[in-house]
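Asks: For reference, the file my_file08.tsv (TSV, C-alpha atoms and all ligand atoms) is included below:
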```tsv
chain	number	residue	atom	x	y	z
A	503	MET	CA	-58.72	138.59	-101.53
A	504	ALA	CA	-57.42	136.72	-98.49
A	505	GLU	CA	-60.82	135.05	-98.21
A	506	THR	CA	-60.67	134.17	-101.90
A	507	ALA	CA	-57.30	132.49	-101.33
A	508	LYS	CA	-58.93	130.42	-98.57
A	509	ILE	CA	-61.94	129.57	-100.74
A	510	ILE	CA	-59.78	128.22	-103.56
A	511	SER	CA	-57.35	126.48	-101.16
A	512	PRO	CA	-59.57	125.37	-98.27
A	513	ASN	CA	-57.08	122.81	-96.95
A	514	LYS	CA	-54.21	125.27	-96.73
A	515	LYS	CA	-53.40	127.74	-93.97
A	516	VAL	CA	-54.03	131.27	-95.28
A	517	LEU	CA	-52.56	134.15	-93.30
A	518	ILE	CA	-53.32	137.85	-93.53
A	519	PRO	CA	-50.76	140.12	-91.87
A	520	ASP	CA	-53.45	142.48	-90.54
A	521	MET	CA	-57.05	141.37	-90.00
A	522	GLU	CA	-58.17	144.99	-90.38
A	523	ALA	CA	-56.81	145.14	-93.94
A	524	GLY	CA	-60.20	144.86	-95.60
A	525	CYS	CA	-61.67	146.73	-98.55
A	526	SER	CA	-64.23	149.52	-98.72
A	527	LEU	CA	-66.09	147.67	-101.48
A	528	ALA	CA	-66.49	144.64	-99.22
A	529	ASP	CA	-67.49	146.89	-96.29
A	530	ASP	CA	-70.09	148.60	-98.49
A	531	CYS	CA	-71.89	145.33	-99.15
A	532	PRO	CA	-72.79	143.49	-95.91
A	533	GLU	CA	-73.98	139.97	-96.69
A	534	ASP	CA	-77.29	140.29	-94.77
A	535	GLU	CA	-78.24	143.49	-96.62
A	536	PHE	CA	-77.18	141.91	-99.89
A	537	LYS	CA	-79.40	138.91	-99.20
A	538	LYS	CA	-82.43	141.19	-98.75
A	539	PHE	CA	-81.54	143.02	-101.97
A	540	ILE	CA	-81.22	139.93	-104.17
A	541	ASN	CA	-84.35	138.40	-102.64
A	542	LYS	CA	-86.30	141.33	-104.12
A	543	TYR	CA	-85.22	140.19	-107.60
A	544	PRO	CA	-85.44	136.38	-107.56
A	545	ASP	CA	-85.35	136.13	-111.36
A	546	HIS	CA	-82.03	138.01	-111.61
A	547	TYR	CA	-78.62	136.50	-112.26
A	548	VAL	CA	-76.12	137.74	-109.65
A	549	ILE	CA	-72.65	138.77	-110.79
A	550	SER	CA	-70.22	140.01	-108.14
A	551	TYR	CA	-66.86	141.68	-108.57
A	552	ILE	CA	-64.16	139.68	-106.79
A	553	ASN	CA	-63.60	142.52	-104.27
A	554	CYS	CA	-66.46	141.41	-102.02
A	555	THR	CA	-66.77	139.23	-98.93
A	556	ALA	CA	-66.93	135.45	-98.98
A	557	GLY	CA	-70.55	135.79	-97.79
A	558	VAL	CA	-71.47	137.83	-100.87
A	559	LYS	CA	-69.59	135.47	-103.16
A	560	ALA	CA	-71.58	132.59	-101.65
A	561	GLN	CA	-74.81	134.34	-102.74
A	562	SER	CA	-73.60	135.05	-106.28
A	563	ASP	CA	-74.02	133.08	-109.49
A	564	LEU	CA	-70.81	134.33	-111.06
A	565	ILE	CA	-67.69	136.19	-109.91
A	566	CYS	CA	-65.81	138.57	-112.19
A	567	THR	CA	-62.67	140.67	-112.13
A	568	SER	CA	-62.28	144.12	-113.66
A	569	SER	CA	-60.41	142.39	-116.51
A	570	ASN	CA	-63.12	139.94	-117.50
A	571	ALA	CA	-66.33	141.67	-116.28
A	572	VAL	CA	-67.42	142.96	-119.71
A	573	ASP	CA	-66.79	139.65	-121.49
A	574	LEU	CA	-68.61	137.66	-118.81
A	575	VAL	CA	-71.65	139.96	-118.76
A	576	LYS	CA	-71.88	139.63	-122.56
A	577	LYS	CA	-72.03	135.85	-122.17
A	578	ILE	CA	-75.24	135.97	-120.10
A	579	PRO	CA	-78.28	135.51	-122.40
A	580	LYS	CA	-79.93	138.88	-123.08
A	581	GLU	CA	-83.31	137.84	-121.69
A	582	ILE	CA	-81.84	137.16	-118.23
A	583	PRO	CA	-81.79	140.26	-115.99
A	584	ILE	CA	-78.59	140.85	-114.02
A	585	ILE	CA	-77.68	142.18	-110.57
A	586	PHE	CA	-74.11	143.53	-110.41
A	587	SER	CA	-72.32	144.08	-107.10
A	588	PRO	CA	-70.68	145.61	-105.18
A	589	ASP	CA	-69.08	148.44	-107.23
A	590	LYS	CA	-71.56	150.83	-108.87
A	591	ASN	CA	-68.80	152.62	-110.83
A	592	LEU	CA	-67.42	149.42	-112.34
A	593	GLY	CA	-71.01	148.28	-112.92
A	594	ARG	CA	-71.90	151.48	-114.77
A	595	TRP	CA	-68.81	151.16	-116.97
A	596	VAL	CA	-69.61	147.49	-117.70
A	597	GLU	CA	-73.16	148.53	-118.65
A	598	LYS	CA	-71.77	150.94	-121.24
A	599	GLN	CA	-69.25	148.47	-122.64
A	600	SER	CA	-71.64	145.53	-122.80
A	601	GLY	CA	-74.85	147.37	-123.68
A	602	ARG	CA	-76.59	145.51	-120.81
A	603	LYS	CA	-78.62	147.43	-118.23
A	604	MET	CA	-78.13	145.91	-114.77
A	605	LYS	CA	-79.36	146.43	-111.21
A	606	LEU	CA	-76.33	147.92	-109.45
A	607	TRP	CA	-75.51	147.53	-105.78
A	608	PRO	CA	-74.49	151.07	-104.64
A	609	GLY	CA	-70.97	150.33	-103.34
A	610	SER	CA	-67.76	152.08	-104.26
A	611	CYS	CA	-64.01	152.02	-103.64
A	612	VAL	CA	-62.86	154.75	-101.27
A	613	VAL	CA	-59.68	155.22	-103.32
A	614	HIS	CA	-61.17	155.50	-106.80
A	615	GLU	CA	-63.98	157.77	-105.58
A	616	THR	CA	-61.49	160.20	-104.07
A	617	PHE	CA	-59.54	161.46	-107.07
A	618	SER	CA	-60.02	165.15	-107.67
A	619	GLU	CA	-61.41	166.12	-111.07
A	620	GLU	CA	-59.75	169.52	-110.73
A	621	ALA	CA	-56.36	167.91	-110.06
A	622	VAL	CA	-56.70	165.70	-113.14
A	623	LEU	CA	-57.44	168.70	-115.33
A	624	LYS	CA	-54.57	170.70	-113.84
A	625	LEU	CA	-52.16	167.83	-114.46
A	626	LYS	CA	-53.39	167.57	-118.04
A	627	LEU	CA	-52.81	171.30	-118.56
A	628	MET	CA	-49.29	170.98	-117.15
A	629	HIS	CA	-48.58	167.90	-119.27
A	630	PRO	CA	-50.59	168.31	-122.48
A	631	ASP	CA	-48.79	165.41	-124.20
A	632	SER	CA	-49.75	162.96	-121.47
A	633	GLU	CA	-52.47	160.34	-121.62
A	634	ILE	CA	-54.99	159.85	-118.82
A	635	ILE	CA	-55.35	156.18	-117.95
A	636	ALA	CA	-57.94	154.96	-115.44
A	637	HIS	CA	-59.27	151.93	-113.61
A	638	PRO	CA	-63.01	151.38	-114.21
A	639	GLU	CA	-63.66	151.70	-110.44
A	640	CYS	CA	-63.24	155.48	-110.95
A	641	THR	CA	-66.31	157.68	-111.07
A	642	GLU	CA	-68.04	158.32	-114.39
A	643	VAL	CA	-66.94	161.97	-114.41
A	644	LEU	CA	-63.27	160.93	-114.31
A	645	LEU	CA	-63.66	158.13	-116.82
A	646	GLN	CA	-64.96	160.63	-119.38
A	647	TYR	CA	-61.50	162.29	-119.49
A	648	SER	CA	-59.64	159.02	-119.83
A	649	ASP	CA	-57.78	157.97	-122.98
A	650	PHE	CA	-57.63	154.38	-121.79
A	651	ILE	CA	-59.71	152.51	-119.19
A	652	GLY	CA	-58.75	149.07	-117.95
A	653	SER	CA	-57.97	146.73	-115.08
A	654	THR	CA	-54.62	146.92	-113.29
A	655	SER	CA	-53.07	144.30	-115.59
A	656	LYS	CA	-54.45	146.05	-118.69
A	657	LEU	CA	-53.11	149.42	-117.51
A	658	LEU	CA	-49.67	147.87	-117.03
A	659	LYS	CA	-49.81	146.36	-120.51
A	660	TYR	CA	-51.03	149.60	-122.03
A	661	ILE	CA	-48.17	151.78	-120.75
A	662	GLN	CA	-45.69	149.30	-122.23
A	663	GLU	CA	-47.33	149.23	-125.64
A	664	SER	CA	-48.20	152.92	-125.93
A	665	SER	CA	-45.81	155.23	-127.77
A	666	MET	CA	-46.69	158.02	-125.30
A	667	LYS	CA	-44.10	159.06	-122.74
A	668	GLU	CA	-46.26	160.58	-119.97
A	669	PHE	CA	-49.27	159.17	-118.17
A	670	ILE	CA	-51.69	160.55	-115.58
A	671	VAL	CA	-52.65	157.48	-113.59
A	672	LEU	CA	-56.12	157.19	-112.06
A	673	THR	CA	-55.85	154.17	-109.84
A	674	GLU	CA	-54.28	153.13	-106.55
A	675	PRO	CA	-50.79	154.68	-106.78
A	676	GLY	CA	-49.04	151.47	-105.68
A	677	ILE	CA	-49.12	150.42	-109.33
A	678	ILE	CA	-46.92	153.36	-110.32
A	679	TYR	CA	-43.93	151.56	-108.78
A	680	GLN	CA	-44.48	148.63	-111.14
A	681	MET	CA	-45.01	150.97	-114.08
A	682	LYS	CA	-41.67	152.68	-113.40
A	683	LEU	CA	-39.94	149.31	-113.19
A	684	LYS	CA	-41.35	148.27	-116.56
A	685	GLN	CA	-40.89	151.62	-118.31
A	686	PRO	CA	-38.19	153.60	-116.45
A	687	HIS	CA	-37.84	156.15	-119.28
A	688	LYS	CA	-41.53	157.15	-119.07
A	689	GLN	CA	-43.18	159.48	-116.56
A	690	PHE	CA	-46.18	158.62	-114.41
A	691	PHE	CA	-48.18	161.18	-112.44
A	692	GLU	CA	-50.37	160.16	-109.53
A	693	VAL	CA	-53.51	162.16	-108.90
A	694	PRO	CA	-54.21	163.55	-105.42
A	695	GLY	CA	-57.58	163.25	-103.77
A	696	VAL	CA	-59.90	166.15	-103.13
A	697	ASP	CA	-58.29	168.94	-101.05
A	698	GLY	CA	-54.88	167.61	-102.09
A	699	CYS	CA	-55.05	164.86	-99.47
A	700	SER	CA	-53.10	161.67	-99.98
A	701	CYS	CA	-56.16	159.49	-99.41
A	702	ASN	CA	-55.72	158.11	-102.94
A	703	ALA	CA	-53.49	155.47	-101.30
A	704	CYS	CA	-55.62	152.55	-100.17
A	705	PRO	CA	-55.80	152.71	-96.35
A	706	HIS	CA	-56.62	149.01	-96.23
A	707	MET	CA	-53.78	147.69	-98.35
A	708	ARG	CA	-51.30	149.95	-96.55
A	709	LEU	CA	-52.04	148.12	-93.28
A	710	ASN	CA	-50.15	145.09	-94.56
A	711	THR	CA	-46.61	146.26	-93.78
A	712	ILE	CA	-43.45	144.19	-94.29
A	713	GLN	CA	-43.00	144.02	-90.50
A	714	LYS	CA	-46.47	142.48	-90.16
A	715	VAL	CA	-45.73	140.02	-92.99
A	716	ILE	CA	-42.59	138.84	-91.15
A	717	LYS	CA	-44.46	138.56	-87.84
A	718	SER	CA	-47.26	136.67	-89.53
A	719	LEU	CA	-44.81	134.18	-91.05
A	720	GLU	CA	-43.10	133.71	-87.69
A	721	THR	CA	-46.30	133.19	-85.69
A	722	LEU	CA	-48.49	131.73	-88.48
A	723	GLU	CA	-51.21	134.16	-87.38
A	724	PRO	CA	-53.68	135.75	-87.98
A	725	GLU	CA	-55.29	132.99	-90.00
A	726	VAL	CA	-58.26	133.40	-92.34
A	727	ILE	CA	-61.03	131.08	-91.15
A	728	LEU	CA	-64.21	130.44	-93.14
A	729	ASP	CA	-66.97	127.95	-92.47
A	730	LYS	CA	-67.32	124.99	-94.84
A	731	ASP	CA	-70.78	125.96	-96.03
A	732	THR	CA	-69.59	129.40	-97.14
A	733	ILE	CA	-66.55	127.91	-98.89
A	734	ASP	CA	-68.67	125.28	-100.66
A	735	LYS	CA	-71.09	127.94	-101.94
A	736	ALA	CA	-68.49	130.60	-102.78
A	737	ILE	CA	-66.24	128.30	-104.82
A	738	LYS	CA	-69.00	127.64	-107.38
A	739	PRO	CA	-69.22	131.17	-108.88
A	740	ILE	CA	-65.42	131.44	-108.81
A	741	ASN	CA	-65.01	128.16	-110.70
A	742	LEU	CA	-67.68	129.27	-113.16
A	743	MET	CA	-65.72	132.47	-113.80
A	744	LEU	CA	-62.58	130.42	-114.50
A	745	GLU	CA	-64.53	128.10	-116.78
A	746	LEU	CA	-66.17	130.93	-118.76
A	747	SER	CA	-62.88	132.83	-119.03
A	748	LYS	CA	-61.08	130.00	-120.89
B	801	LIG	S1	-58.12	150.10	-103.59
B	801	LIG	FE1	-58.51	149.36	-101.48
B	801	LIG	S2	-60.67	149.91	-101.05
B	801	LIG	FE2	-60.36	150.06	-103.28
B	801	LIG	S3	-61.00	148.08	-104.13
B	801	LIG	FE3	-58.77	147.96	-103.78
B	801	LIG	S4	-58.58	147.10	-101.68
B	801	LIG	FE4	-60.70	147.83	-101.90
```
Would you mind giving the structure from this file in structure tokens?
Ligand code: SF4
Replies:
Amino acid sequence: MAETAKIISPNKKVLIPDMEAGCSLADDCPEDEFKKFINKYPDHYVISYINCTAGVKAQSDLICTSSNAVDLVKKIPKEIPIIFSPDKNLGRWVEKQSGRKMKLWPGSCVVHETFSEEAVLKLKLMHPDSEIIAHPECTEVLLQYSDFIGSTSKLLKYIQESSMKEFIVLTEPGIIYQMKLKQPHKQFFEVPGVDGCSCNACPHMRLNTIQKVIKSLETLEPEVILDKDTIDKAIKPINLMLELSK
């Protein structure tokens, strides 16, 4: 996302408090490997989820978010075959929602892959009046239990509009703080990872601590640097997404 900020604001200084704060989806899709993959399917239209590197964006025809992915895929003429990257779980869910079969890059989010199916079922047994709500980056097996599936913004909207009082939340647990702020009288249960570990918290996002943010603002480092060619190529599919989402 820091790279995306630089792509859309190339003349501004973009800082990231910790250069190691990446994303497993981006790590799962190295741009050289991706190039070989898309070269095998030259007639395919390439749609990439925004959680990918600038190098992958630069090789894509269209960028999407989890909010608009289904609508954008539906806008591509049916006769045009599609490659979807880098999240296979989101891609599989988009396939079901849109009715379009796509070639999926086999990446995944370390957080959304980690939730324990057993823990979800136990929580549901303990709270039978709760609803299970999930981000589409979750695995198919977890999505099948979900009463509502949507992007972070859609999940936040849903818990405000739903008449239910308890929710089992299948996404990065940082969102639960915002949910409690918006609906303090409702209860939100986070789901542990397999073996009860707390690896459902994104290890990448957690690297950006408030102390590092302060230091970054004081020193104006580390700065996100991208070459002009990558920026010029990567901005096109982002602008197209914005245009098609109007
Ligand atoms: S939760 Fe972390 S690893 Fe998963 S998509 Fe978000 S930033 Fe990437």
Asks: Return the padded bounding box of segment 550-568 of chain A as lines of an AutoDock Vina configuration file: axis-aligned, built from all atoms listed in the file, 6 Å added on each side, with centre and edge lengths in Å to one decimal.
Replies:
```
center_x = -68.5
center_y = 138.4
center_z = -105.7
size_x = 24.5
size_y = 23.5
size_z = 27.9
```
Asks: My list of candidates is A:Lys590, A:Lys735, A:His637, A:Lys730. Which is closest to Leu672 of chain A when distances are computed with only C-alpha atoms?
Replies: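 Ranking A:Lys590, A:Lys735, A:His637, A:Lys730 by distance to Leu672 of chain A, first place goes to A:His637.
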Asks: Quick one: residues within 8 Å of ligand LIG 801 (chain B), with all atoms listed in the file, as a CSV table (one decimal) with C-alpha atoms, keeping the file's coordinate frame?
Replies:
```csv
chain,number,residue,atom,x,y,z
A,524,GLY,CA,-60.2,144.9,-95.6
A,525,CYS,CA,-61.7,146.7,-98.6
A,526,SER,CA,-64.2,149.5,-98.7
A,527,LEU,CA,-66.1,147.7,-101.5
A,528,ALA,CA,-66.5,144.6,-99.2
A,553,ASN,CA,-63.6,142.5,-104.3
A,610,SER,CA,-67.8,152.1,-104.3
A,611,CYS,CA,-64.0,152.0,-103.6
A,612,VAL,CA,-62.9,154.8,-101.3
A,613,VAL,CA,-59.7,155.2,-103.3
A,614,HIS,CA,-61.2,155.5,-106.8
A,639,GLU,CA,-63.7,151.7,-110.4
A,673,THR,CA,-55.8,154.2,-109.8
A,674,GLU,CA,-54.3,153.1,-106.6
A,703,ALA,CA,-53.5,155.5,-101.3
A,704,CYS,CA,-55.6,152.6,-100.2
A,705,PRO,CA,-55.8,152.7,-96.4
A,706,HIS,CA,-56.6,149.0,-96.2
A,707,MET,CA,-53.8,147.7,-98.4
```
Asks: Compile the contact shell of segment 628-633 of chain A as an MDAnalysis selection string: residues with an atom at most 8 Å away, counting all atoms listed in the file, same-chain residues fewer than 3 positions apart removed.
Replies: chainID A and resid 624:625 648:650 666:670
Asks: Between atom CA of Glu533 of chain A and atom CA of Gly557 of chain A, what is the distance, to one decimal in Å?
Replies: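 Between atom CA of Glu533 of chain A and atom CA of Gly557 of chain A the gap is 5.5 Å.
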Asks: Rank A:Tyr547, A:Tyr679, A:Phe691, A:Trp607 by their smallest atom-to-atom distance to Ile635 of chain A, using only C-alpha atoms, and report the top residue only.
Replies: A:Phe691
Asks: What does the distance between atom CA of Asn591 of chain A and atom CA of Cys640 of chain A come to in Å, to one decimal place?
Replies: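 Computing the Euclidean distance for atom CA of Asn591 of chain A and atom CA of Cys640 of chain A yields 6.3 Å.
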Asks: Report, in Å with one decimal, the straight-line distance from atom CA of Gln662 of chain A to atom CA of Pro638 of chain A.
Replies: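 Atom CA of Pro638 of chain A lies 19.2 Å from atom CA of Gln662 of chain A.
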Asks: With all atoms listed in the file as the basis for distance, which of A:Ile678, A:Leu719, A:Ala556, A:Val671 is at the shortest distance from Tyr647 of chain A?
Replies: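 Residue with the minimum atom-to-atom distance to Tyr647 of chain A: A:Val671.
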Asks: Give me the residues within 12 Å of Ile578 of chain A as a list in words, counting all atoms listed in the file and dropping any in the same chain fewer than 6 places off.
Replies: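 Near Ile578 of chain A, the qualifying residues are His546, Tyr547, Val548, Ile549, Asp563, Leu564, Ala571, Val572, Ile584, Ile585, Ser600, Gly601, Arg602, Met604, Met743 and Leu746 of chain A.
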Asks: Given the choices A:Pro724, A:Pro579, A:Pro675, A:Pro694, which gets closest to Glu619 of chain A if the distance is worked out from all atoms listed in the file?
Replies: A:Pro694
Asks: Pick from A:Ser569, A:Thr616, A:Ser550, A:Ser718: nearest to Val693 of chain A, with only C-alpha atoms counted?
Replies: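 Using only C-alpha atoms, Val693 of chain A sits closest to A:Thr616.
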Asks: Nearest residue to Cys566 of chain A out of A:Ser653, A:Pro608, A:Leu623, A:Ile661, using all atoms listed in the file?
Replies: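 When distances to Cys566 of chain A are compared using all atoms listed in the file, the smallest one comes from A:Ser653.
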Asks: Taking the partial coordinates given, rebuild segment 630-659 of chain A to contain N, CA and C atoms; return it as a compact mmCIF listing (two decimals), in the coordinates of the input.
Replies:
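In the end it all went to out-v2.txt:
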```txt
# COMPACT_ATOMS: atom_id res chain seq x y z
N PRO A 630 -49.61 168.49 -121.40
CA PRO A 630 -50.59 168.31 -122.48
C PRO A 630 -50.33 167.09 -123.36
N ASP A 631 -49.09 166.58 -123.37
CA ASP A 631 -48.79 165.41 -124.20
C ASP A 631 -49.00 164.09 -123.45
N SER A 632 -49.55 164.19 -122.25
CA SER A 632 -49.75 162.96 -121.47
C SER A 632 -51.08 162.31 -121.84
N GLU A 633 -51.18 161.04 -121.48
CA GLU A 633 -52.47 160.34 -121.62
C GLU A 633 -53.02 160.08 -120.22
N ILE A 634 -54.34 160.19 -120.09
CA ILE A 634 -54.99 159.85 -118.82
C ILE A 634 -55.43 158.40 -118.91
N ILE A 635 -54.95 157.60 -117.96
CA ILE A 635 -55.35 156.18 -117.95
C ILE A 635 -56.03 155.89 -116.61
N ALA A 636 -57.11 155.11 -116.64
CA ALA A 636 -57.94 154.96 -115.44
C ALA A 636 -58.42 153.54 -115.24
N HIS A 637 -58.62 153.21 -113.97
CA HIS A 637 -59.27 151.93 -113.61
C HIS A 637 -60.78 152.17 -113.65
N PRO A 638 -61.56 151.16 -114.11
CA PRO A 638 -63.01 151.38 -114.21
C PRO A 638 -63.73 151.53 -112.86
N GLU A 639 -63.02 151.40 -111.74
CA GLU A 639 -63.66 151.70 -110.44
C GLU A 639 -63.77 153.20 -110.22
N CYS A 640 -63.14 154.01 -111.09
CA CYS A 640 -63.24 155.48 -110.95
C CYS A 640 -64.66 155.94 -111.28
N THR A 641 -64.98 157.14 -110.80
CA THR A 641 -66.31 157.68 -111.07
C THR A 641 -66.47 158.01 -112.56
N GLU A 642 -67.72 158.08 -112.97
CA GLU A 642 -68.04 158.32 -114.39
C GLU A 642 -67.41 159.64 -114.88
N VAL A 643 -67.44 160.66 -114.01
CA VAL A 643 -66.94 161.97 -114.41
C VAL A 643 -65.44 161.89 -114.74
N LEU A 644 -64.70 161.06 -114.02
CA LEU A 644 -63.27 160.93 -114.31
C LEU A 644 -63.03 160.05 -115.54
N LEU A 645 -63.84 159.03 -115.67
CA LEU A 645 -63.66 158.13 -116.82
C LEU A 645 -63.86 158.87 -118.14
N GLN A 646 -64.69 159.92 -118.13
CA GLN A 646 -64.96 160.63 -119.38
C GLN A 646 -63.70 161.34 -119.92
N TYR A 647 -62.74 161.64 -119.04
CA TYR A 647 -61.50 162.29 -119.49
C TYR A 647 -60.44 161.28 -119.93
N SER A 648 -60.70 160.01 -119.70
CA SER A 648 -59.64 159.02 -119.83
C SER A 648 -59.42 158.57 -121.27
N ASP A 649 -58.14 158.46 -121.64
CA ASP A 649 -57.78 157.97 -122.98
C ASP A 649 -57.83 156.46 -123.02
N PHE A 650 -57.58 155.84 -121.85
CA PHE A 650 -57.63 154.38 -121.79
C PHE A 650 -58.19 153.98 -120.42
N ILE A 651 -59.11 153.00 -120.44
CA ILE A 651 -59.71 152.51 -119.19
C ILE A 651 -59.47 151.00 -119.15
N GLY A 652 -58.97 150.52 -118.04
CA GLY A 652 -58.75 149.07 -117.95
C GLY A 652 -58.36 148.63 -116.55
N SER A 653 -58.36 147.33 -116.37
CA SER A 653 -57.97 146.73 -115.08
C SER A 653 -56.49 147.01 -114.83
N THR A 654 -56.03 146.69 -113.63
CA THR A 654 -54.62 146.92 -113.29
C THR A 654 -53.69 146.26 -114.31
N SER A 655 -53.96 145.00 -114.65
CA SER A 655 -53.07 144.30 -115.59
C SER A 655 -53.14 144.95 -116.98
N LYS A 656 -54.33 145.42 -117.36
CA LYS A 656 -54.45 146.05 -118.69
C LYS A 656 -53.76 147.42 -118.71
N LEU A 657 -53.81 148.14 -117.58
CA LEU A 657 -53.11 149.42 -117.51
C LEU A 657 -51.60 149.20 -117.65
N LEU A 658 -51.11 148.18 -116.96
CA LEU A 658 -49.67 147.87 -117.03
C LEU A 658 -49.26 147.51 -118.45
N LYS A 659 -50.10 146.75 -119.12
CA LYS A 659 -49.81 146.36 -120.51
C LYS A 659 -49.84 147.60 -121.41
```
